[in-house]
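Colleague: Below is the file start13.txt, which contains compact mmCIF, C-alpha atoms (C1' of nucleotides).
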```txt
# COMPACT_ATOMS: atom_id res chain seq x y z
CA MET S 42 16.16 -15.51 -19.11
CA ARG S 43 16.08 -11.78 -18.67
CA ILE S 44 13.32 -10.54 -16.41
CA ALA S 45 15.09 -11.10 -13.09
CA GLU S 46 18.04 -8.90 -14.10
CA GLU S 47 15.92 -6.19 -15.57
CA ALA S 48 13.67 -6.17 -12.55
CA ALA S 49 16.66 -5.67 -10.28
CA LYS S 50 17.94 -2.87 -12.51
CA CYS S 51 14.82 -0.79 -12.18
CA SER S 52 14.10 -1.83 -8.57
CA LEU S 53 10.83 -3.55 -9.22
CA SER S 54 10.08 -7.15 -8.43
CA VAL S 55 9.58 -9.69 -11.20
CA ASP S 56 6.00 -10.12 -10.05
CA THR S 57 5.32 -6.43 -10.05
CA ILE S 58 6.49 -6.13 -13.64
CA ARG S 59 4.22 -8.97 -14.70
CA TYR S 60 1.37 -7.41 -12.76
CA TYR S 61 1.95 -3.99 -14.34
CA GLU S 62 2.00 -5.42 -17.84
CA LYS S 63 -1.11 -7.48 -17.32
CA ALA S 64 -2.99 -4.57 -15.83
CA GLY S 65 -1.90 -2.24 -18.64
CA ILE S 66 0.02 -0.04 -16.22
CA CYS S 67 3.01 -0.22 -18.52
CA PRO S 68 2.99 -0.73 -22.32
CA SER S 69 3.15 -4.38 -23.28
CA ILE S 70 6.51 -6.04 -23.57
CA GLU S 71 7.65 -8.06 -26.59
CA ARG S 72 8.08 -11.80 -26.32
CA GLY S 73 10.70 -14.10 -27.81
CA PRO S 74 9.75 -17.37 -29.51
CA ASP S 75 10.02 -19.02 -26.09
CA GLY S 76 7.24 -16.83 -24.73
CA ASN S 77 9.62 -14.97 -22.43
CA ARG S 78 9.69 -11.20 -22.23
CA ARG S 79 12.39 -9.36 -24.19
CA PHE S 80 12.88 -5.95 -22.67
CA SER S 81 13.61 -3.09 -25.06
CA PRO S 82 15.45 0.05 -23.87
CA GLU S 83 12.09 1.78 -24.11
CA ASN S 84 10.55 -0.81 -21.78
CA LEU S 85 13.32 -0.27 -19.28
CA ASP S 86 12.88 3.47 -19.44
CA TRP S 87 9.20 3.00 -18.68
CA LEU S 88 9.75 0.63 -15.81
CA ASN S 89 12.33 2.95 -14.32
CA LEU S 90 9.93 5.84 -14.45
CA LEU S 91 7.10 3.77 -13.00
CA ALA S 92 9.34 2.58 -10.18
CA ALA S 93 10.21 6.16 -9.30
CA LEU S 94 6.58 7.24 -9.47
CA ARG S 95 5.43 4.36 -7.34
CA GLU S 96 8.10 4.89 -4.72
CA THR S 97 6.89 8.42 -4.36
CA GLY S 98 3.28 7.47 -4.02
CA MET S 99 1.58 7.62 -7.41
CA PRO S 100 -1.50 5.35 -7.41
CA THR S 101 -1.60 2.67 -10.09
CA LYS S 102 -4.76 4.16 -11.50
CA LYS S 103 -2.83 7.26 -12.44
CA MET S 104 0.04 5.23 -13.85
CA LYS S 105 -2.44 3.36 -15.97
CA TYR S 106 -3.96 6.62 -17.15
CA PHE S 107 -0.48 7.75 -18.13
CA ALA S 108 0.12 4.51 -20.03
CA ASP S 109 -3.24 4.86 -21.77
CA LEU S 110 -2.28 8.34 -22.93
CA TYR S 111 0.99 6.95 -24.22
CA ARG S 112 -0.87 4.36 -26.27
CA GLN S 113 -2.84 7.19 -27.84
CA GLY S 114 0.33 8.70 -29.22
CA ASP S 115 1.70 12.23 -29.60
CA ALA S 116 -1.70 13.84 -29.62
CA LYS S 117 -1.79 13.22 -25.91
CA ALA S 118 1.74 14.35 -25.12
CA ALA S 119 0.52 17.55 -23.50
CA GLU S 120 -1.79 15.65 -21.21
CA ARG S 121 1.01 13.27 -20.30
CA LYS S 122 3.22 16.20 -19.41
CA LYS S 123 0.45 17.50 -17.19
CA VAL S 124 0.34 14.22 -15.26
CA LEU S 125 4.07 14.44 -14.63
CA LYS S 126 3.82 18.09 -13.62
CA GLN S 127 1.12 17.19 -11.17
CA HIS S 128 3.26 14.51 -9.63
CA GLU S 129 6.12 16.96 -9.36
CA MET S 130 3.91 19.06 -7.13
CA HIS S 131 2.95 16.00 -5.18
CA LEU S 132 6.62 15.50 -4.42
CA ASP S 133 6.65 18.81 -2.56
CA LEU S 134 3.81 17.59 -0.41
CA GLN S 135 5.74 14.47 0.42
CA GLN S 136 8.80 16.51 1.14
CA ALA S 137 6.78 18.46 3.68
CA ARG S 138 5.59 15.27 5.31
CA LEU S 139 9.11 13.96 5.49
CA THR S 140 10.34 17.15 7.09
CA LYS S 141 7.50 17.18 9.58
CA CYS S 142 8.10 13.58 10.53
CA LYS S 143 11.80 14.22 10.91
CA ALA S 144 11.13 17.09 13.30
CA LEU S 145 8.67 15.01 15.29
CA LEU S 146 11.13 12.14 15.56
CA ARG S 147 13.89 14.45 16.67
CA HIS S 148 11.61 15.77 19.38
CA LYS S 149 10.60 12.29 20.54
CA LEU S 150 14.16 11.04 20.48
CA ALA S 151 15.24 13.99 22.62
CA LEU S 152 12.61 12.98 25.17
CA TYR S 153 13.91 9.43 25.18
CA ASP S 154 17.41 10.77 25.73
CA GLN S 155 16.15 12.55 28.84
CA ILE S 156 14.40 9.47 30.16
CA LEU S 157 17.16 7.04 29.40
CA GLY S 158 20.11 9.26 30.06
CA VAL S 159 22.25 10.01 27.02
CA LYS S 160 23.98 6.65 26.84
CA THR S 161 23.13 5.82 23.25
CA MET A 59 -19.31 13.58 19.35
CA ARG A 60 -15.60 13.95 19.14
CA ILE A 61 -13.91 11.47 16.85
CA ALA A 62 -14.52 13.36 13.61
CA GLU A 63 -12.77 16.50 14.89
CA GLU A 64 -9.86 14.65 16.41
CA ALA A 65 -9.41 12.61 13.27
CA ALA A 66 -9.18 15.78 11.23
CA LYS A 67 -6.68 17.28 13.69
CA CYS A 68 -4.22 14.45 13.32
CA SER A 69 -4.97 13.84 9.63
CA LEU A 70 -6.27 10.32 9.99
CA SER A 71 -9.71 9.18 8.94
CA VAL A 72 -12.31 8.16 11.48
CA ASP A 73 -12.20 4.63 10.14
CA THR A 74 -8.45 4.47 10.36
CA ILE A 75 -8.52 5.46 14.03
CA ARG A 76 -11.10 2.79 14.80
CA TYR A 77 -9.07 0.28 12.83
CA TYR A 78 -5.85 1.20 14.64
CA GLU A 79 -7.47 0.87 18.03
CA LYS A 80 -9.09 -2.46 17.25
CA ALA A 81 -5.88 -3.87 15.82
CA GLY A 82 -3.86 -2.67 18.82
CA ILE A 83 -1.79 -0.35 16.64
CA CYS A 84 -2.47 2.45 19.09
CA PRO A 85 -3.17 2.14 22.82
CA SER A 86 -6.86 1.79 23.58
CA ILE A 87 -8.95 4.90 23.93
CA GLU A 88 -11.22 5.58 26.90
CA ARG A 89 -14.97 5.60 26.45
CA GLY A 90 -17.64 7.83 27.93
CA PRO A 91 -20.85 6.36 29.42
CA ASP A 92 -22.37 6.66 25.92
CA GLY A 93 -19.78 4.23 24.55
CA ASN A 94 -18.12 6.95 22.49
CA ARG A 95 -14.39 7.50 22.51
CA ARG A 96 -12.99 10.29 24.71
CA PHE A 97 -9.60 11.26 23.39
CA SER A 98 -7.00 12.20 25.99
CA PRO A 99 -4.05 14.46 25.08
CA GLU A 100 -1.94 11.34 25.24
CA ASN A 101 -4.18 9.63 22.69
CA LEU A 102 -3.87 12.60 20.37
CA ASP A 103 -0.12 12.63 20.74
CA TRP A 104 -0.07 8.96 19.75
CA LEU A 105 -2.32 9.38 16.78
CA ASN A 106 -0.28 12.32 15.58
CA LEU A 107 2.88 10.29 15.76
CA LEU A 108 1.27 7.33 14.02
CA ALA A 109 -0.04 9.57 11.26
CA ALA A 110 3.44 10.93 10.66
CA LEU A 111 4.98 7.47 10.71
CA ARG A 112 2.38 6.10 8.34
CA GLU A 113 2.70 8.98 5.90
CA THR A 114 6.38 8.24 5.70
CA GLY A 115 5.91 4.54 5.11
CA MET A 116 6.09 2.69 8.39
CA PRO A 117 4.22 -0.63 8.09
CA THR A 118 1.43 -1.22 10.61
CA LYS A 119 3.23 -4.28 11.91
CA LYS A 120 6.01 -2.04 13.15
CA MET A 121 3.57 0.47 14.58
CA LYS A 122 1.90 -2.36 16.46
CA TYR A 123 5.27 -3.52 17.74
CA PHE A 124 5.90 -0.01 18.99
CA ALA A 125 2.50 0.08 20.71
CA ASP A 126 3.18 -3.32 22.28
CA LEU A 127 6.45 -2.01 23.70
CA TYR A 128 4.60 0.98 25.08
CA ARG A 129 2.16 -1.29 26.87
CA GLN A 130 5.13 -3.02 28.49
CA GLY A 131 6.15 0.24 30.14
CA ASP A 132 9.44 2.00 30.81
CA ALA A 133 11.48 -1.18 30.72
CA LYS A 134 11.05 -1.11 26.95
CA ALA A 135 11.79 2.57 26.46
CA ALA A 136 15.21 1.84 24.97
CA GLU A 137 13.73 -0.54 22.45
CA ARG A 138 11.07 2.01 21.55
CA LYS A 139 13.74 4.60 20.97
CA LYS A 140 15.48 2.16 18.68
CA VAL A 141 12.37 1.78 16.57
CA LEU A 142 12.14 5.54 16.14
CA LYS A 143 15.84 5.81 15.36
CA GLN A 144 15.43 3.17 12.70
CA HIS A 145 12.59 5.06 11.13
CA GLU A 146 14.66 8.21 11.18
CA MET A 147 17.15 6.41 8.95
CA HIS A 148 14.34 5.21 6.76
CA LEU A 149 13.44 8.85 6.19
CA ASP A 150 16.80 9.41 4.56
CA LEU A 151 16.10 6.58 2.17
CA GLN A 152 12.82 8.17 1.24
CA GLN A 153 14.49 11.50 0.85
CA ALA A 154 16.83 9.93 -1.66
CA ARG A 155 13.91 8.45 -3.58
CA LEU A 156 12.19 11.79 -3.64
CA THR A 157 15.28 13.50 -4.95
CA LYS A 158 15.82 10.85 -7.59
CA CYS A 159 12.23 11.07 -8.75
CA LYS A 160 12.42 14.83 -8.86
CA ALA A 161 15.48 14.69 -11.10
CA LEU A 162 13.85 12.13 -13.36
CA LEU A 163 10.72 14.23 -13.68
CA ARG A 164 12.72 17.32 -14.49
CA HIS A 165 14.45 15.38 -17.23
CA LYS A 166 11.21 14.02 -18.63
CA LEU A 167 9.52 17.39 -18.48
CA ALA A 168 12.42 18.94 -20.36
CA LEU A 169 11.91 16.37 -23.11
CA TYR A 170 8.23 17.23 -23.28
CA ASP A 171 9.14 20.89 -23.55
CA GLN A 172 11.22 20.07 -26.60
CA ILE A 173 8.50 18.01 -28.22
CA LEU A 174 5.68 20.40 -27.48
CA GLY A 175 7.58 23.63 -27.83
CA VAL A 176 7.84 25.64 -24.63
CA LYS A 177 4.29 26.92 -24.57
CA THR A 178 3.39 25.78 -21.11
C1' DT P 125 -43.07 11.64 19.80
C1' DA P 126 -40.57 11.69 15.80
C1' DC P 127 -36.64 12.82 13.53
C1' DC P 128 -31.75 14.21 12.92
C1' DG P 129 -26.86 13.89 13.30
C1' DA P 130 -22.84 11.87 15.29
C1' DC P 131 -21.37 8.05 17.16
C1' DC P 132 -20.98 2.66 17.53
C1' DT P 133 -19.85 -2.49 15.67
C1' DA P 134 -19.14 -6.30 12.59
C1' DG P 135 -18.15 -7.48 8.36
C1' DA P 136 -17.70 -6.96 3.27
C1' DG P 137 -15.02 -4.72 -0.36
C1' DC P 138 -10.95 -2.79 -2.65
C1' DA P 139 -6.04 -1.58 -4.13
C1' DG P 140 -1.66 -3.10 -4.92
C1' DC P 141 1.05 -6.17 -4.68
C1' DT P 142 2.96 -11.13 -3.39
C1' DT P 143 2.84 -15.94 -3.16
C1' DC P 144 1.49 -20.39 -4.80
C1' DA P 145 0.49 -24.30 -7.76
C1' DG P 146 1.31 -26.19 -11.85
C1' DG P 147 3.52 -26.08 -16.24
C1' DT P 148 7.06 -25.06 -20.42
C1' DC P 149 11.50 -24.84 -22.26
C1' DA P 150 16.78 -24.88 -22.86
C1' DA P 151 20.93 -26.38 -21.18
C1' DG P 152 23.98 -29.31 -18.68
C1' DT P 153 24.94 -34.23 -16.75
C1' DG P 154 25.45 -39.38 -16.42
C1' DC F 79 18.99 -40.03 -24.71
C1' DA F 80 16.62 -39.68 -20.40
C1' DC F 81 16.91 -36.68 -16.41
C1' DT F 82 17.52 -32.93 -13.65
C1' DT F 83 17.99 -28.03 -12.91
C1' DG F 84 16.92 -23.31 -13.23
C1' DA F 85 14.69 -19.40 -15.19
C1' DC F 86 10.77 -18.32 -17.16
C1' DC F 87 5.43 -18.60 -17.84
C1' DT F 88 0.11 -18.30 -16.26
C1' DG F 89 -4.04 -18.00 -13.41
C1' DA F 90 -5.63 -17.66 -9.10
C1' DA F 91 -5.50 -17.33 -4.09
C1' DG F 92 -3.65 -14.65 -0.16
C1' DC F 93 -2.15 -10.58 2.39
C1' DT F 94 -1.95 -5.64 4.02
C1' DG F 95 -4.02 -1.54 5.14
C1' DC F 96 -7.39 0.70 4.85
C1' DT F 97 -12.49 2.14 3.36
C1' DC F 98 -17.26 1.50 2.96
C1' DT F 99 -21.79 -0.53 4.15
C1' DA F 100 -25.51 -2.13 6.95
C1' DG F 101 -27.76 -1.95 10.94
C1' DG F 102 -28.10 -0.01 15.47
C1' DT F 103 -27.73 3.43 19.86
C1' DC F 104 -28.04 7.78 21.95
C1' DG F 105 -28.85 12.86 22.96
C1' DG F 106 -30.94 16.98 21.30
C1' DT F 107 -34.39 19.73 18.81
C1' DA F 108 -39.41 20.78 16.47
```
Show how you would write the structure in this file as structure tokens.

Modeller:
Amino acid sequence: MRIAEEAAKCSLSVDTIRYYEKAGICPSIERGPDGNRRFSPENLDWLNLLAALRETGMPTKKMKYFADLYRQGDAKAAERKKVLKQHEMHLDLQQARLTKCKALLRHKLALYDQILGVKT
Amino acid sequence: MRIAEEAAKCSLSVDTIRYYEKAGICPSIERGPDGNRRFSPENLDWLNLLAALRETGMPTKKMKYFADLYRQGDAKAAERKKVLKQHEMHLDLQQARLTKCKALLRHKLALYDQILGVKT
DNA sequence: TACCGACCTAGAGCAGCTTCAGGTCAAGTG
DNA sequence: CACTTGACCTGAAGCTGCTCTAGGTCGGTA
């Protein structure tokens, strides 16, 4: 009786967590004698990271690649870092999109203000 | 012999444009006597807006709703404005996610620097 | 006339969840 | 002690939003 809480904590749905584990997108999660998942702090750290990566547009394929590197241990730490670095750059791209969209919306909304009169 | 260029201009794929038109997500696009689409400035303006909205996470259902309002004319202008306003707020949410992810990545990258030594 | 490139449509395929059907188990209730 | 309830489990089907494929049309060049 844990998964619902933990899911909420890291802003993933219960189903998404199960899906991620099954697909190897996150490292596998220990089970109790009842067959239910027992989340370790490490698990939570992972899920938190994955949630953040997903929310900012990382494809699951890349997340899986990252998880695969993790399973291969410290030898692959440098490569893992590279994946994160890459995503950091991707964030800038998204930032640009956000800014562009914001400007466009402001423009459109100004037009609506003209049409509608500035009541709202 | 137009769609490929126009698609590139508004950063949508040719297939996406066709899909949007067919699904009523954008207003329909005029055809020449050859059956090919002839994009009006208005069409381009729409596609540009849709591209920006999509890139920042608006679901197609909402885009379609917006297009439906447009087809209903000026009477629905206020409602259309509301949709855009709503998305403007959604942008802030995304901004927060971006910022949070950025902080998390910085933290993780710092840890990797410790493990790997600061070579990179 | 034959081919090439850019367009067209309908429909299949794919990613990333999300929902559903059917089942287990532990705890509380009459 | 049987029974219900609630949180978990699994495998598989369903949904969204494209993306790709197959098969075809049309206008221009060799």

Colleague: Hey, which bits of chain P sit within 10 Å of chain S, and for each residue what's the closest pair of atoms and how far apart in Å (one decimal), counting all atoms listed in the file, rows by chain and increasing number, as a tab-separated table?

Modeller:
```
residue	atom	partner	partner_atom	distance
P:DA139	C1'	S:Thr101	CA	8.6
P:DG140	C1'	S:Thr101	CA	7.7
P:DC141	C1'	S:Thr57	CA	6.9
P:DT142	C1'	S:Asp56	CA	7.4
P:DT143	C1'	S:Asp56	CA	9.6
P:DT148	C1'	S:Asp75	CA	8.8
P:DC149	C1'	S:Asp75	CA	7.1
P:DA150	C1'	S:Asp75	CA	9.5
```

Colleague: Near chain S, meaning an atom within 8 Å, which residues of chain F appear when counting all atoms listed in the file? Write them as a list in words.

Modeller: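 The selection requested is DA85, DC86 and DC87 of chain F.
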
Colleague: Which residues of chain S come within 10 Å of chain A, and for each one, what is the closest pair of atoms and their distance in Å to one decimal, counting only C-alpha atoms, sorted by chain and residue number, as a Markdown table?

Modeller:
```
| residue | atom | partner | partner_atom | distance |
| --- | --- | --- | --- | --- |
| S:Asn89 | CA | A:Leu162 | CA | 9.4 |
| S:Leu90 | CA | A:Leu162 | CA | 7.5 |
| S:Leu91 | CA | A:Cys159 | CA | 9.9 |
| S:Ala92 | CA | A:Cys159 | CA | 9.1 |
| S:Ala93 | CA | A:Cys159 | CA | 5.3 |
| S:Leu94 | CA | A:Cys159 | CA | 6.9 |
| S:Arg95 | CA | A:Cys159 | CA | 9.7 |
| S:Glu96 | CA | A:Arg155 | CA | 6.9 |
| S:Thr97 | CA | A:Leu156 | CA | 6.3 |
| S:Gly98 | CA | A:Leu156 | CA | 9.9 |
| S:Asp115 | CA | A:Ile173 | CA | 9.0 |
| S:Ala118 | CA | A:Tyr170 | CA | 7.3 |
| S:Ala119 | CA | A:Leu174 | CA | 7.1 |
| S:Arg121 | CA | A:Tyr170 | CA | 8.8 |
| S:Lys122 | CA | A:Tyr170 | CA | 6.4 |
| S:Lys123 | CA | A:Leu167 | CA | 9.2 |
| S:Leu125 | CA | A:Leu163 | CA | 6.7 |
| S:Lys126 | CA | A:Leu167 | CA | 7.5 |
| S:His128 | CA | A:Leu163 | CA | 8.5 |
| S:Glu129 | CA | A:Lys160 | CA | 6.7 |
| S:Met130 | CA | A:Lys160 | CA | 9.7 |
| S:Leu132 | CA | A:Leu156 | CA | 6.7 |
| S:Asp133 | CA | A:Leu156 | CA | 9.0 |
| S:Gln135 | CA | A:Leu156 | CA | 8.1 |
| S:Gln136 | CA | A:Leu156 | CA | 7.5 |
| S:Arg138 | CA | A:Glu113 | CA | 6.9 |
| S:Leu139 | CA | A:Thr114 | CA | 6.3 |
| S:Thr140 | CA | A:Leu149 | CA | 8.9 |
| S:Lys141 | CA | A:Ala110 | CA | 7.5 |
| S:Cys142 | CA | A:Ala110 | CA | 5.4 |
| S:Lys143 | CA | A:Glu146 | CA | 6.7 |
| S:Ala144 | CA | A:Glu146 | CA | 9.8 |
| S:Leu145 | CA | A:Leu107 | CA | 7.5 |
| S:Leu146 | CA | A:Leu142 | CA | 6.7 |
| S:Arg147 | CA | A:Glu146 | CA | 8.3 |
| S:Lys149 | CA | A:Leu142 | CA | 8.2 |
| S:Leu150 | CA | A:Lys139 | CA | 6.5 |
| S:Ala151 | CA | A:Lys139 | CA | 9.7 |
| S:Leu152 | CA | A:Lys139 | CA | 9.4 |
| S:Tyr153 | CA | A:Lys139 | CA | 6.4 |
| S:Asp154 | CA | A:Lys139 | CA | 8.6 |
| S:Ile156 | CA | A:Ala135 | CA | 8.3 |
| S:Leu157 | CA | A:Ala136 | CA | 7.1 |
| S:Thr161 | CA | A:Ala136 | CA | 9.0 |
```

Colleague: Every residue with an atom at most 10 Å from (-4.9, 12.6, -20.5) (file coordinates; all atoms listed in the file) is what I'm after, so could you write them as a PDB file with C-alpha atoms, in the coordinates of the input?

Modeller:
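Result file selection-v9.pdb:
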```pdb
ATOM      1  CA  LYS S 103      -2.830   7.260 -12.440  1.00  0.00           C
ATOM      2  CA  TYR S 106      -3.960   6.620 -17.150  1.00  0.00           C
ATOM      3  CA  PHE S 107      -0.480   7.750 -18.130  1.00  0.00           C
ATOM      4  CA  ALA S 108       0.120   4.510 -20.030  1.00  0.00           C
ATOM      5  CA  ASP S 109      -3.240   4.860 -21.770  1.00  0.00           C
ATOM      6  CA  LEU S 110      -2.280   8.340 -22.930  1.00  0.00           C
ATOM      7  CA  TYR S 111       0.990   6.950 -24.220  1.00  0.00           C
ATOM      8  CA  GLN S 113      -2.840   7.190 -27.840  1.00  0.00           C
ATOM      9  CA  ALA S 116      -1.700  13.840 -29.620  1.00  0.00           C
ATOM     10  CA  LYS S 117      -1.790  13.220 -25.910  1.00  0.00           C
ATOM     11  CA  ALA S 118       1.740  14.350 -25.120  1.00  0.00           C
ATOM     12  CA  ALA S 119       0.520  17.550 -23.500  1.00  0.00           C
ATOM     13  CA  GLU S 120      -1.790  15.650 -21.210  1.00  0.00           C
ATOM     14  CA  ARG S 121       1.010  13.270 -20.300  1.00  0.00           C
ATOM     15  CA  LYS S 122       3.220  16.200 -19.410  1.00  0.00           C
ATOM     16  CA  LYS S 123       0.450  17.500 -17.190  1.00  0.00           C
ATOM     17  CA  VAL S 124       0.340  14.220 -15.260  1.00  0.00           C
TER      18      VAL S 124
END
```

Colleague: Find the residues near F:DC81: any atom within 12 Å, counting only C-alpha atoms (C1' of nucleotides), skip ones fewer than 4 places away on the same chain, and give them as a list of chain:residue names.

Modeller: P:DG152, P:DT153, P:DG154

Colleague: Would you save the residues of that selection, restricted to C-alpha atoms (C1' of nucleotides), as a PDB file, in the frame of the given file?

Modeller:
```pdb
ATOM      1  C1'  DG P 152      23.980 -29.310 -18.680  1.00  0.00           C
ATOM      2  C1'  DT P 153      24.940 -34.230 -16.750  1.00  0.00           C
ATOM      3  C1'  DG P 154      25.450 -39.380 -16.420  1.00  0.00           C
TER       4       DG P 154
END
```

Colleague: Provide the atom C1' of F:DG105 to atom CA of A:Glu64 distance in Å, to one decimal place.

Modeller: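 Result for atom C1' of F:DG105 versus atom CA of A:Glu64: 20.2 Å, one decimal.
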
Colleague: What does the distance between atom CA of A:Met121 and atom CA of S:Cys51 come to in Å, to one decimal place?

Modeller: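 Separation of atom CA of A:Met121 and atom CA of S:Cys51: 29.1 Å.
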
Colleague: Please write out, as lines of an AutoDock Vina configuration file, where the centre of an axis-aligned box around all listed atoms of stretch 133-148 of chain P lies and how long its edges are, in Å to one decimal, after adding 4 Å on each side.

Modeller:
```
center_x = -6.4
center_y = -13.9
center_z = -2.4
size_x = 34.9
size_y = 32.6
size_z = 44.1
```

Colleague: Can you work out the spacing between atom CA of A:Ala65 and atom C1' of F:DC93 in Å, to one decimal?

Modeller: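 Here the two named atoms are 26.6 Å from each other.
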
Colleague: Pick from A:Val72, A:Leu151, A:Leu102, A:Cys84: nearest to F:DT97, with only C-alpha atoms (C1' of nucleotides) counted?

Modeller: A:Val72

Colleague: I'd like the neighbourhood of F:DG102 as a PyMOL selection string, where a residue qualifies if any of its atoms comes within 12 Å (using all atoms listed in the file), though same-chain residues fewer than 5 positions away should be ignored.

Modeller: chain P and resi 131-134

Colleague: Any idea what's packed within 12 Å of F:DG89, counting only C-alpha atoms (C1' of nucleotides), ignoring anything in its chain fewer than 3 positions away? Could you give it as a PyMOL selection string?

Modeller: (chain S and resi 60+63) or (chain P and resi 144-147)

Colleague: Give as a list of chain:residue names each residue that has an atom at most 9 Å from (-26.7, 17.6, 15.3) in the file, counting all atoms listed in the file.

Modeller: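 Residues with an atom close enough to that point: P:DC128, P:DG129, P:DA130, F:DG106, F:DT107.
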